[in-house]
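Notes follow the structure.
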Amino acid sequence: MAKKAVATFAGDKSQNKNVVKCIKMLKSKKTGAYYFEEAIVPIGQEKEFLEKKN
């Protein structure tokens, strides 16, 4: 029988616990269309990311 392959990720998992993914929706000044900006920021800096104007 064939063996089932399982993918594993190597690395320090403790670093992943103190970051969060932030997504904000912005409106393009040129076309008027909406687009999304994503970033992975440290916990505690979410407010600065969301308040930052582009």
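The chains in the structure tokens are called A, B, ... from first to last as shown; in each chain the residues are counted from 1, and the ligands are counted from 1 in the order shown.
For A:Ala39, the set of protein, DNA and RNA residues having any atom at most 10 Å away, when counting only C-alpha atoms and skipping those fewer than 3 positions along the same chain, is A:Val20, A:Lys21, A:Cys22, A:Ile23, A:Lys24, A:Pro42, A:Glu46, A:Phe49.
Note that the spacing between atom CA of A:Glu48 and atom CA of A:Gly32 amounts to 24.3 Å.
Residues in contact range of A:Met25, defined as at most 10 Å between only C-alpha atoms, with sequence neighbours fewer than 4 positions away removed, read A:Tyr34, A:Tyr35, A:Phe36, A:Glu37, A:Glu38, A:Leu50.
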Selection from above, C-alpha atoms, as a compact mmCIF listing (two decimals), in the first residue's frame, can you write it?
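The result, written out as selection_3.txt:
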```
# COMPACT_ATOMS: atom_id res chain seq x y z
CA TYR A 34 -11.68 49.43 -3.87
CA TYR A 35 -8.61 47.35 -3.08
CA PHE A 36 -7.26 45.53 -0.04
CA GLU A 37 -3.98 46.08 1.77
CA GLU A 38 -2.68 43.22 3.91
CA LEU A 50 -5.27 50.63 10.38
```
